[in-house]
Amino acid sequence: MLKFECECGNSTRFFATGDYLDYQTEFLDLEDDDCISYELNESRLLIQCKFCKHRYVLPKFEAINES
Ligand SMILES: [Zn+2]
């Protein structure tokens with residue numbers, strides 16, 4: 001459902017678990033945690049490829065609108 005693909009070709013995806021935080025917010029889980037690791041860091045989502053160690057950061061959405 002939410003696919004991640006590193007430039008090195010490593011890819012995995014997040015899938016919807018069927019568990020809900022509220023009536024329209026569903027939890028995601030990582031298909032293969034040997035492929036990537038991720039963490040929330042100061043309102044940014046940081047994803048690291050476990051194959052080549054390249055890191056990607058997704059900034060807080062509101063920050064995009066400010067620029
Ligand atoms: Zn990679």
# chains A, B, ... in the order shown; residues from 1 in each chain; ligands from 1
call {"tool": "residues_near_ligand", "arguments": {"ligand": "ligand 1", "cutoff": "10 Å", "atoms": "only C-alpha atoms and all ligand atoms", "output": "PyMOL selection string"}}
result
chain A and resi 5-11+35-36+48-56
call {"tool": "select_by_dssp", "arguments": {"residues": "chain A", "states": "alpha helix (DSSP H)", "output": "number ranges by chain"}}
result
A: 61-66
call {"tool": "residues_around", "arguments": {"residues": "Asp33 of chain A", "least_positions_apart": "4", "cutoff": "10 Å", "atoms": "only C-alpha atoms", "output": "list in words"}}
result
Thr12, Arg13, Phe14, Asp29, Ser37, Tyr38 and Lys50 of chain A
call {"tool": "select_by_dssp", "arguments": {"residues": "chain A", "states": "strand (DSSP E)", "output": "VMD selection string"}}
result
chain A and resid 2 to 5 11 to 22 25 to 30 36 to 41 44 to 49 55 to 58
call {"tool": "residues_around", "arguments": {"residues": "segment 43-46 of chain A", "least_positions_apart": "4", "cutoff": "6 Å", "atoms": "only C-alpha atoms", "output": "tab-separated table (two decimals) with N, CA and C atoms, in the first residue's frame"}}
result
chain	number	residue	atom	x	y	z
A	38	TYR	N	13.21	2.84	10.44
A	38	TYR	CA	12.68	4.21	10.40
A	38	TYR	C	12.46	4.72	11.81
A	39	GLU	N	12.48	6.03	11.93
A	39	GLU	CA	12.21	6.64	13.22
A	39	GLU	C	11.64	8.03	13.02
A	56	TYR	N	16.83	8.67	4.13
A	56	TYR	CA	15.86	9.59	3.52
A	56	TYR	C	15.07	10.22	4.65
A	57	VAL	N	14.73	11.48	4.47
A	57	VAL	CA	13.94	12.14	5.51
A	57	VAL	C	12.70	12.76	4.89
A	58	LEU	N	11.58	12.55	5.53
A	58	LEU	CA	10.32	13.16	5.11
A	58	LEU	C	9.99	14.25	6.12
A	59	PRO	N	10.07	15.53	5.70
A	59	PRO	CA	9.81	16.60	6.65
A	59	PRO	C	8.34	16.70	6.98
A	60	LYS	N	8.05	17.36	8.08
A	60	LYS	CA	6.68	17.60	8.47
A	60	LYS	C	5.94	18.31	7.34
call {"tool": "residues_around", "arguments": {"residues": "Ala16 of chain A", "least_positions_apart": "6", "cutoff": "8 Å", "atoms": "only C-alpha atoms", "output": "PyMOL selection string"}}
result
chain A and resi 1+26-29
call {"tool": "write_last_selection", "arguments": {"atoms": "C-alpha atoms", "output": "PDB file, in the first residue's frame"}}
result
ATOM      1  CA  MET A   1       0.000   0.000   0.000  1.00  0.00           C
ATOM      2  CA  GLU A  26      -5.682   2.542  10.366  1.00  0.00           C
ATOM      3  CA  PHE A  27      -2.298   1.410  11.623  1.00  0.00           C
ATOM      4  CA  LEU A  28       0.443   0.511   9.164  1.00  0.00           C
ATOM      5  CA  ASP A  29       3.157  -2.059   9.712  1.00  0.00           C
TER       6      ASP A  29
END
call {"tool": "atom_distance", "arguments": {"atom1": "atom CA of Asn41 of chain A", "atom2": "atom CA of Phe4 of chain A"}}
result
18.6 Å
